[in-house]
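See structure below.
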Amino acid sequence: MELYNPTATAVDLAGTSVQYRSATGTGPANGVGALAGSVPAGGYFLVQLGSNGSTGAALPNPDATVTVNPSGTTGTIWLASTTVAGTPDADTVIDKLGYGTSNAPEGTAAPYPGSNTTPGSLNRTGGADTDDNAADFTFSSTATPQNSGSATPPSPTPTPTPTPTAAPITPIAAIQGAGASTPLAGQRVVTEGVVTATYPTGGFAGIYVQTAGTGGAPKAAGTASDGIFVYSSWAAANTRIGDCVTVTGTAAEYNGLTQLSGNPYVTVTTGCVPVTPTRLATLPATDAEKEAYEGMLVLPEGPYTITNNYAMNQYGQLGLAVGTEPLYQATDVVLPGADAAAYEAANLTKYITLDDGSSWNYLTNTAAKNSPLPYLSAGTPMRTASQVTFTRPVILDHRFQRNYQPTGHVVGADSAFVPVASENDRESTVAAVGGNVQLASFNVLNYFTDLGRDEPGCAAYTDRMGTPVSTNNCEVRGAYTPEAFAAQQAKLVSAINGTDAEVVALMEVENAAGISWIDHPRDHALAHLVDELNAAAGRTRWAYAPSPVVTPFTEDVIRTAFIYDPAKVQLLGASQIDLADAFANARYPLAQKFKATKTGNPLVVVANHFKSKSSGDDDGTGQGLSNPSRVAQATQLAAWVAEM
């Protein structure tokens, strides 16, 4: 491990240490080595660690030797301001490097393609320290360790291998080729163009380059693209959008994306004619039509509609449909079979992902967890069916799927690289629907007054700070702590009291009678919710319909329920429950007869919560899991309602 001091004053290492933790470790360091001495001004300090094997070469005289044994391919190593074993996320970390599959890097782990028998080194590139290991460190198959006695410390900026002087320029279009893959795979080529996007952070570790003077005109399927990705963290950190560059690299494919890799050599030059974004009047429909623009700067026109925001909080991605309508599940519109297959095929021609210029996983990456989600804010909630318009050009690329890629890493909703404008079409008031009795339904998402912390052996899901929030595979399914329950309840009370409904059907209320370790009546949680609703309203705004006299013996721990406004609606008789076996894997339907207190006819309302489509058997019809169960439940419900 080599420490470098770029300042004009020696740095004292007293009280510091080298610390290491395995790539998958979760506790304190596996090894700690205390340091002493100092790093000379403008000089180096060489620390000898444990050997990975017998294939290495001898070091120059080390300035310190410690008994720390890092993996030769993957792990996390850091310089700490203490000699006590800590973690890579502690406040005592001065600087760290996560490499290979490290679970605690700065930003994204630096790739390490070497092995214990194929040595190499990871070197800070040009002295860069952007807090992203993948961007800041470059792998080399050689190592030149330097100690404090090195006579002439080299400049922090490495001197790359000189570019070949006689190599001909290969146009980007020739590297891309007319098909899905490069025809020059594995060949070392030299090309040139204009930088159109840079990703020094977020894990992409590279730039997009487009042939000078190209763009601005539509391209047909089967035409070679004029843009390409250059996988180089050095280029990402040292070039800017608009730079003219010459690139020497190896043509390759990565998950469907043509790129130049193999530690490319990038030189900033001059004299390039700027590129022009190609306006796309609509989304290129087929994969071949999209391939013609792969890696190029484009400006999508016309409205796009958010049709999928499922991956927003994991990969920072939005699914977009060209036009003013979201895409529908085929079997929501047509019957299963050939019609559904044709419908889904048509959907694919209208769909593309808007990515965030990074490979971050916001659920696992340390830097991502502490970073705001891209695009999302209170002002732009990015709801399904909301529309977006493109306000700046993007790259059309392929990273596991076809994407519109911003020209830089989008961090938060106010990033300069955000390429779209959206709307806030969330209704702030309940629409007037008429009638003398208004009905609503509300899934309260596991409203349990009994808490996970009180159940023996119950584990918790935690937030990014490690605070327990909800139960993890326990008998009770709601909040883990009183604090988490208070937060859940406050939102529910505000939302339900914000409606003007007289009758509300509830789903996922705790069925306390179905929990083995407590002795509460079935309506315990429901009664508590009504008390809280009335306390917040300042009057008796709500009452609840009591449970039926007979309830299922094997009922789920969540259930349906009714609350109503007793000033405007009265109950007629007891509630009824459908006890048919069809609902053994779901929630049993609950029916209640109501009548307005002043005028109107009786009405019966049935609260339903069928078997979820996310688990169970797949009947192959494209309608989600447990479709046979749901068909049986719908059939039984219709018969029961007719009979009752």
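Residue names in the structure tokens use chain letters A, B, ... in the order shown, residue numbers from 1 in each chain, and ligand numbers from 1 in the order shown.
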Could you give me, as JSON lines, a per-residue list for range 493-530 of chain A showing, wherever an atom lies at most 12 Å from an atom of range 538-541 of chain A, the closest pair of atoms and their distance in Å to one decimal, using only C-alpha atoms and sorting by chain then residue number from low to high?
```
{"residue": "A:Val493", "atom": "CA", "partner": "A:Arg541", "partner_atom": "CA", "distance": 11.7}
{"residue": "A:Ile496", "atom": "CA", "partner": "A:Arg541", "partner_atom": "CA", "distance": 10.7}
{"residue": "A:Asn497", "atom": "CA", "partner": "A:Arg541", "partner_atom": "CA", "distance": 8.4}
{"residue": "A:Gly498", "atom": "CA", "partner": "A:Arg541", "partner_atom": "CA", "distance": 11.5}
{"residue": "A:Thr499", "atom": "CA", "partner": "A:Arg541", "partner_atom": "CA", "distance": 11.3}
{"residue": "A:Asp500", "atom": "CA", "partner": "A:Arg541", "partner_atom": "CA", "distance": 10.4}
{"residue": "A:Ala501", "atom": "CA", "partner": "A:Arg541", "partner_atom": "CA", "distance": 10.6}
{"residue": "A:Glu502", "atom": "CA", "partner": "A:Arg541", "partner_atom": "CA", "distance": 9.3}
{"residue": "A:Val503", "atom": "CA", "partner": "A:Arg541", "partner_atom": "CA", "distance": 11.1}
{"residue": "A:Leu529", "atom": "CA", "partner": "A:Arg541", "partner_atom": "CA", "distance": 12.0}
{"residue": "A:Val530", "atom": "CA", "partner": "A:Arg541", "partner_atom": "CA", "distance": 8.7}
```
- Would you give me, as a PyMOL selection string, the residues in range 166-251 of chain A that DSSP reads as alpha helix (DSSP H)? chain A and resi 172-176+233-238
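For the pair CA of Thr635 in chain A and CA of Ala330 in chain A, the interatomic distance is 22.0 Å.
Distances here use only C-alpha atoms; by that measure, the residue among A:Leu280, A:Ala431, A:Ile558, A:Ala490 closest to Arg477 in chain A is A:Ile558.
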- prompt: Running DSSP on the backbone, which parts of range 341-517 of chain A land in strand (DSSP E or B), as an MDAnalysis selection string?
  reply: chainID A and resid 351:354 387:390 394:398 402:405 420:422 439:447 459:462 468:472 479 503:510
Please produce an output containing N, CA and C atoms for each residue in the selection, written as a short mmCIF file (atom, residue, chain, number, x, y, z; two decimals), in the first residue's frame.
```
data_model
loop_
_atom_site.label_atom_id
_atom_site.label_comp_id
_atom_site.auth_asym_id
_atom_site.auth_seq_id
_atom_site.Cartn_x
_atom_site.Cartn_y
_atom_site.Cartn_z
N TYR A 351 -42.05 1.35 -25.87
CA TYR A 351 -41.47 1.41 -24.52
C TYR A 351 -39.96 1.65 -24.55
N ILE A 352 -39.48 2.49 -23.63
CA ILE A 352 -38.04 2.68 -23.43
C ILE A 352 -37.82 3.14 -22.00
N THR A 353 -36.64 2.87 -21.48
CA THR A 353 -36.30 3.26 -20.11
C THR A 353 -35.54 4.58 -20.12
N LEU A 354 -35.90 5.47 -19.21
CA LEU A 354 -35.08 6.64 -18.93
C LEU A 354 -34.21 6.30 -17.74
N GLN A 387 -47.08 12.71 -17.57
CA GLN A 387 -46.34 12.90 -18.81
C GLN A 387 -45.02 13.62 -18.56
N VAL A 388 -44.04 13.35 -19.44
CA VAL A 388 -42.75 14.04 -19.40
C VAL A 388 -42.43 14.54 -20.81
N THR A 389 -41.68 15.62 -20.87
CA THR A 389 -41.16 16.12 -22.15
C THR A 389 -39.66 16.29 -22.01
N PHE A 390 -38.94 16.05 -23.08
CA PHE A 390 -37.48 16.14 -23.04
C PHE A 390 -37.05 17.58 -23.30
N VAL A 394 -30.26 13.44 -25.01
CA VAL A 394 -29.85 12.25 -24.27
C VAL A 394 -29.12 11.31 -25.22
N ILE A 395 -28.50 10.29 -24.65
CA ILE A 395 -27.85 9.24 -25.44
C ILE A 395 -28.82 8.06 -25.53
N LEU A 396 -28.98 7.50 -26.71
CA LEU A 396 -29.75 6.26 -26.85
C LEU A 396 -28.75 5.11 -26.74
N ASP A 397 -28.85 4.34 -25.65
CA ASP A 397 -27.87 3.27 -25.47
C ASP A 397 -28.55 1.95 -25.12
N HIS A 398 -27.73 0.94 -24.81
CA HIS A 398 -28.24 -0.38 -24.45
C HIS A 398 -27.42 -0.89 -23.28
N ARG A 402 -32.88 -1.16 -23.79
CA ARG A 402 -32.70 0.12 -24.47
C ARG A 402 -33.06 1.26 -23.52
N ASN A 403 -32.19 2.28 -23.50
CA ASN A 403 -32.37 3.40 -22.58
C ASN A 403 -32.18 4.73 -23.29
N TYR A 404 -32.86 5.74 -22.77
CA TYR A 404 -32.45 7.11 -22.97
C TYR A 404 -31.54 7.43 -21.77
N GLN A 405 -30.29 7.76 -22.07
CA GLN A 405 -29.30 7.98 -21.01
C GLN A 405 -28.97 9.47 -20.92
N VAL A 420 -35.52 15.83 -18.57
CA VAL A 420 -36.96 15.88 -18.78
C VAL A 420 -37.62 16.85 -17.81
N ALA A 421 -38.76 17.36 -18.23
CA ALA A 421 -39.66 18.11 -17.35
C ALA A 421 -40.92 17.28 -17.20
N SER A 422 -41.47 17.27 -15.99
CA SER A 422 -42.68 16.50 -15.74
C SER A 422 -43.72 17.39 -15.08
N LEU A 439 -68.90 6.14 -1.28
CA LEU A 439 -68.15 4.95 -0.88
C LEU A 439 -66.68 5.11 -1.25
N ALA A 440 -65.80 4.52 -0.44
CA ALA A 440 -64.37 4.52 -0.73
C ALA A 440 -63.77 3.20 -0.27
N SER A 441 -62.61 2.87 -0.80
CA SER A 441 -61.85 1.72 -0.27
C SER A 441 -60.42 2.17 -0.01
N PHE A 442 -59.78 1.54 0.96
CA PHE A 442 -58.45 1.99 1.39
C PHE A 442 -57.69 0.79 1.92
N ASN A 443 -56.53 0.49 1.28
CA ASN A 443 -55.64 -0.54 1.80
C ASN A 443 -54.71 0.12 2.81
N VAL A 444 -54.83 -0.25 4.07
CA VAL A 444 -54.05 0.40 5.13
C VAL A 444 -52.70 -0.28 5.35
N LEU A 445 -52.35 -1.21 4.48
CA LEU A 445 -51.00 -1.77 4.41
C LEU A 445 -50.50 -2.29 5.76
N ASN A 446 -51.13 -3.36 6.22
CA ASN A 446 -50.70 -4.03 7.46
C ASN A 446 -50.75 -3.08 8.66
N TYR A 447 -51.96 -2.62 8.98
CA TYR A 447 -52.16 -1.79 10.18
C TYR A 447 -52.29 -2.72 11.37
N ALA A 459 -37.71 -10.59 13.63
CA ALA A 459 -36.67 -9.73 13.07
C ALA A 459 -37.31 -8.51 12.42
N ALA A 460 -36.45 -7.54 12.04
CA ALA A 460 -36.97 -6.28 11.49
C ALA A 460 -36.30 -5.94 10.18
N TYR A 461 -37.06 -5.29 9.30
CA TYR A 461 -36.48 -4.56 8.19
C TYR A 461 -36.07 -3.18 8.73
N THR A 462 -34.90 -2.72 8.30
CA THR A 462 -34.39 -1.45 8.82
C THR A 462 -34.28 -0.43 7.71
N PRO A 468 -34.89 -0.02 13.05
CA PRO A 468 -35.97 -0.95 12.73
C PRO A 468 -37.23 -0.20 12.33
N VAL A 469 -37.89 -0.70 11.26
CA VAL A 469 -39.10 -0.03 10.77
C VAL A 469 -40.28 -0.99 10.75
N SER A 470 -40.15 -2.11 10.03
CA SER A 470 -41.26 -3.05 9.90
C SER A 470 -40.80 -4.47 10.16
N THR A 471 -41.76 -5.35 10.38
CA THR A 471 -41.41 -6.72 10.72
C THR A 471 -40.91 -7.49 9.50
N ASN A 472 -40.09 -8.48 9.77
CA ASN A 472 -39.46 -9.27 8.71
C ASN A 472 -39.80 -10.73 8.94
N ALA A 479 -45.74 -2.52 11.88
CA ALA A 479 -44.60 -1.75 12.39
C ALA A 479 -43.84 -2.55 13.44
N VAL A 503 -68.91 5.73 3.80
CA VAL A 503 -68.56 4.34 4.05
C VAL A 503 -67.20 4.07 3.42
N VAL A 504 -66.30 3.48 4.20
CA VAL A 504 -64.97 3.14 3.70
C VAL A 504 -64.70 1.67 3.98
N ALA A 505 -64.41 0.91 2.94
CA ALA A 505 -63.97 -0.47 3.09
C ALA A 505 -62.46 -0.48 3.28
N LEU A 506 -61.98 -1.20 4.28
CA LEU A 506 -60.55 -1.25 4.59
C LEU A 506 -60.00 -2.64 4.29
N MET A 507 -58.76 -2.68 3.82
CA MET A 507 -58.05 -3.93 3.60
C MET A 507 -56.76 -3.92 4.43
N GLU A 508 -56.34 -5.10 4.88
CA GLU A 508 -55.10 -5.32 5.62
C GLU A 508 -55.11 -4.70 7.01
N VAL A 509 -56.27 -4.77 7.67
CA VAL A 509 -56.35 -4.45 9.09
C VAL A 509 -55.97 -5.70 9.87
N GLU A 510 -55.28 -5.53 11.00
CA GLU A 510 -54.88 -6.67 11.81
C GLU A 510 -56.09 -7.46 12.30
#
```
Which residues, written as a PyMOL selection string, have at least one atom at most 7 Å from Thr246 in chain A, with only C-alpha atoms counted and residues fewer than 3 positions away on the same chain left out?
-> chain A and resi 191-193+266-269
Write the residues of the preceding selection, restricted to N, CA and C atoms, as a PDB file, in the first residue's frame.
```pdb
ATOM      1  N   THR A 191      -9.824   5.740 -33.130  1.00  0.00           N
ATOM      2  CA  THR A 191     -10.924   6.515 -33.703  1.00  0.00           C
ATOM      3  C   THR A 191     -10.891   7.918 -33.120  1.00  0.00           C
ATOM      4  N   GLU A 192     -11.790   8.770 -33.582  1.00  0.00           N
ATOM      5  CA  GLU A 192     -11.823  10.144 -33.095  1.00  0.00           C
ATOM      6  C   GLU A 192     -13.250  10.672 -33.138  1.00  0.00           C
ATOM      7  N   GLY A 193     -13.501  11.708 -32.351  1.00  0.00           N
ATOM      8  CA  GLY A 193     -14.828  12.299 -32.327  1.00  0.00           C
ATOM      9  C   GLY A 193     -14.971  13.317 -31.223  1.00  0.00           C
ATOM     10  N   VAL A 266      -6.856   7.916 -24.293  1.00  0.00           N
ATOM     11  CA  VAL A 266      -7.665   9.032 -24.791  1.00  0.00           C
ATOM     12  C   VAL A 266      -6.825  10.301 -24.776  1.00  0.00           C
ATOM     13  N   THR A 267      -6.768  10.988 -25.908  1.00  0.00           N
ATOM     14  CA  THR A 267      -6.032  12.236 -26.029  1.00  0.00           C
ATOM     15  C   THR A 267      -6.991  13.349 -26.447  1.00  0.00           C
ATOM     16  N   VAL A 268      -6.974  14.454 -25.702  1.00  0.00           N
ATOM     17  CA  VAL A 268      -7.789  15.611 -26.059  1.00  0.00           C
ATOM     18  C   VAL A 268      -7.072  16.393 -27.153  1.00  0.00           C
ATOM     19  N   THR A 269      -7.761  16.632 -28.265  1.00  0.00           N
ATOM     20  CA  THR A 269      -7.184  17.351 -29.396  1.00  0.00           C
ATOM     21  C   THR A 269      -8.060  18.566 -29.712  1.00  0.00           C
TER      22      THR A 269
END
```
Do you know which residues are at most 7 Å from range 251-253 of chain A counting only C-alpha atoms, after dropping those on the same chain fewer than 6 positions away, and could you put them as a short mmCIF file (atom, residue, chain, number, x, y, z; two decimals) with C-alpha atoms, in the first residue's frame?
```
data_model
loop_
_atom_site.label_atom_id
_atom_site.label_comp_id
_atom_site.auth_asym_id
_atom_site.auth_seq_id
_atom_site.Cartn_x
_atom_site.Cartn_y
_atom_site.Cartn_z
CA ILE A 175 -16.59 -0.05 -35.27
CA SER A 181 -22.61 -6.32 -32.56
CA THR A 182 -19.29 -4.82 -33.61
CA LEU A 184 -14.24 -5.65 -35.11
CA ALA A 185 -14.62 -7.45 -31.77
CA GLY A 186 -11.26 -7.93 -30.05
CA GLN A 187 -9.37 -5.64 -32.45
CA ARG A 188 -7.34 -2.65 -31.27
CA GLN A 259 -17.79 -0.02 -26.60
CA LEU A 260 -14.05 0.60 -26.63
CA SER A 261 -12.40 -1.06 -23.63
#
```
Problem - Selection: 12 Å around Glu483 in chain A, only C-alpha atoms, excl. self and same-chain fewer than 2 positions, as a PyMOL selection string - result: chain A and resi 449+451-453+467-470+479-481+485-490
From CA of Thr223 in chain A to CA of Tyr293 in chain A the spacing works out at 8.6 Å
With a distance cut-off of 9 Å and only C-alpha atoms, select the neighbouring residues of Thr276 in chain A, excluding the residue or stretch itself and same-chain residues fewer than 6 positions from it, and output the selection as a ChimeraX atom specification.
/A:213-217,297-298
Residues from the last selection, N, CA and C atoms, saved as a PDB file, in the first residue's frame:
```
ATOM      1  N   GLY A 213     -19.288  16.347 -36.571  1.00  0.00           N
ATOM      2  CA  GLY A 213     -20.128  16.800 -37.658  1.00  0.00           C
ATOM      3  C   GLY A 213     -21.326  15.935 -37.961  1.00  0.00           C
ATOM      4  N   THR A 214     -21.499  14.813 -37.246  1.00  0.00           N
ATOM      5  CA  THR A 214     -22.629  13.926 -37.528  1.00  0.00           C
ATOM      6  C   THR A 214     -23.841  14.324 -36.693  1.00  0.00           C
ATOM      7  N   GLY A 215     -24.947  13.639 -36.965  1.00  0.00           N
ATOM      8  CA  GLY A 215     -26.186  13.902 -36.253  1.00  0.00           C
ATOM      9  C   GLY A 215     -27.063  14.877 -37.006  1.00  0.00           C
ATOM     10  N   GLY A 216     -28.275  15.053 -36.488  1.00  0.00           N
ATOM     11  CA  GLY A 216     -29.190  16.014 -37.077  1.00  0.00           C
ATOM     12  C   GLY A 216     -30.105  15.449 -38.133  1.00  0.00           C
ATOM     13  N   ALA A 217     -29.801  14.269 -38.665  1.00  0.00           N
ATOM     14  CA  ALA A 217     -30.618  13.663 -39.718  1.00  0.00           C
ATOM     15  C   ALA A 217     -31.075  12.279 -39.274  1.00  0.00           C
ATOM     16  N   LEU A 297     -26.203  11.054 -29.729  1.00  0.00           N
ATOM     17  CA  LEU A 297     -26.945  12.119 -29.058  1.00  0.00           C
ATOM     18  C   LEU A 297     -28.257  12.344 -29.798  1.00  0.00           C
ATOM     19  N   VAL A 298     -29.378  12.193 -29.084  1.00  0.00           N
ATOM     20  CA  VAL A 298     -30.699  12.360 -29.703  1.00  0.00           C
ATOM     21  C   VAL A 298     -31.548  13.276 -28.824  1.00  0.00           C
TER      22      VAL A 298
END
```
- Task: Write out as a ChimeraX atom specification which residues come within 7 Å of range 513-525 of chain A when counting only C-alpha atoms, dropping same-chain ones fewer than 5 positions away.
- Result: /A:448-449,475,547,555-557
For the residues in that selection, give me N, CA and C atoms as a short mmCIF file (atom, residue, chain, number, x, y, z; two decimals), in the first residue's frame.
```cif
data_model
loop_
_atom_site.label_atom_id
_atom_site.label_comp_id
_atom_site.auth_asym_id
_atom_site.auth_seq_id
_atom_site.Cartn_x
_atom_site.Cartn_y
_atom_site.Cartn_z
N PHE A 448 -51.20 -2.84 12.14
CA PHE A 448 -51.12 -3.73 13.30
C PHE A 448 -50.81 -2.90 14.54
N THR A 449 -51.68 -2.96 15.55
CA THR A 449 -51.35 -2.30 16.82
C THR A 449 -50.37 -3.15 17.62
N GLU A 475 -45.13 -13.20 12.65
CA GLU A 475 -46.57 -13.42 12.69
C GLU A 475 -47.30 -12.08 12.53
N SER A 547 -67.42 -7.27 13.87
CA SER A 547 -67.17 -8.53 13.18
C SER A 547 -68.41 -9.42 13.19
N GLU A 555 -58.45 -18.07 9.57
CA GLU A 555 -58.40 -16.79 8.87
C GLU A 555 -56.99 -16.19 8.93
N ASP A 556 -56.63 -15.48 7.87
CA ASP A 556 -55.34 -14.79 7.79
C ASP A 556 -55.24 -13.76 8.92
N VAL A 557 -53.99 -13.30 9.20
CA VAL A 557 -53.79 -12.30 10.25
C VAL A 557 -54.12 -10.89 9.76
#
```
Atom pair CA of Ala432 in chain A + CA of Phe562 in chain A, distance 21.5 Å
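Minimum atom-to-atom distances from A:Pro552, A:Gly412, A:Pro218, A:Gly179 to Ala281 in chain A were compared using only C-alpha atoms, and the lowest value belongs to A:Pro218.
Of the listed residues (A:Gly242, A:Gly127, A:Gly206, A:Pro183), A:Gly206 comes nearest to Phe229 in chain A; the distances count only C-alpha atoms.
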Of A:Thr278, A:Asn370, A:Thr9, A:Asn313, the one sitting nearest Gly295 in chain A when using only C-alpha atoms is A:Thr278
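Here the question is which of A:Ser232, A:Gln210, A:Asn511, A:Ser629 gets nearest to Thr250 in chain A using only C-alpha atoms, and that residue is A:Ser232.
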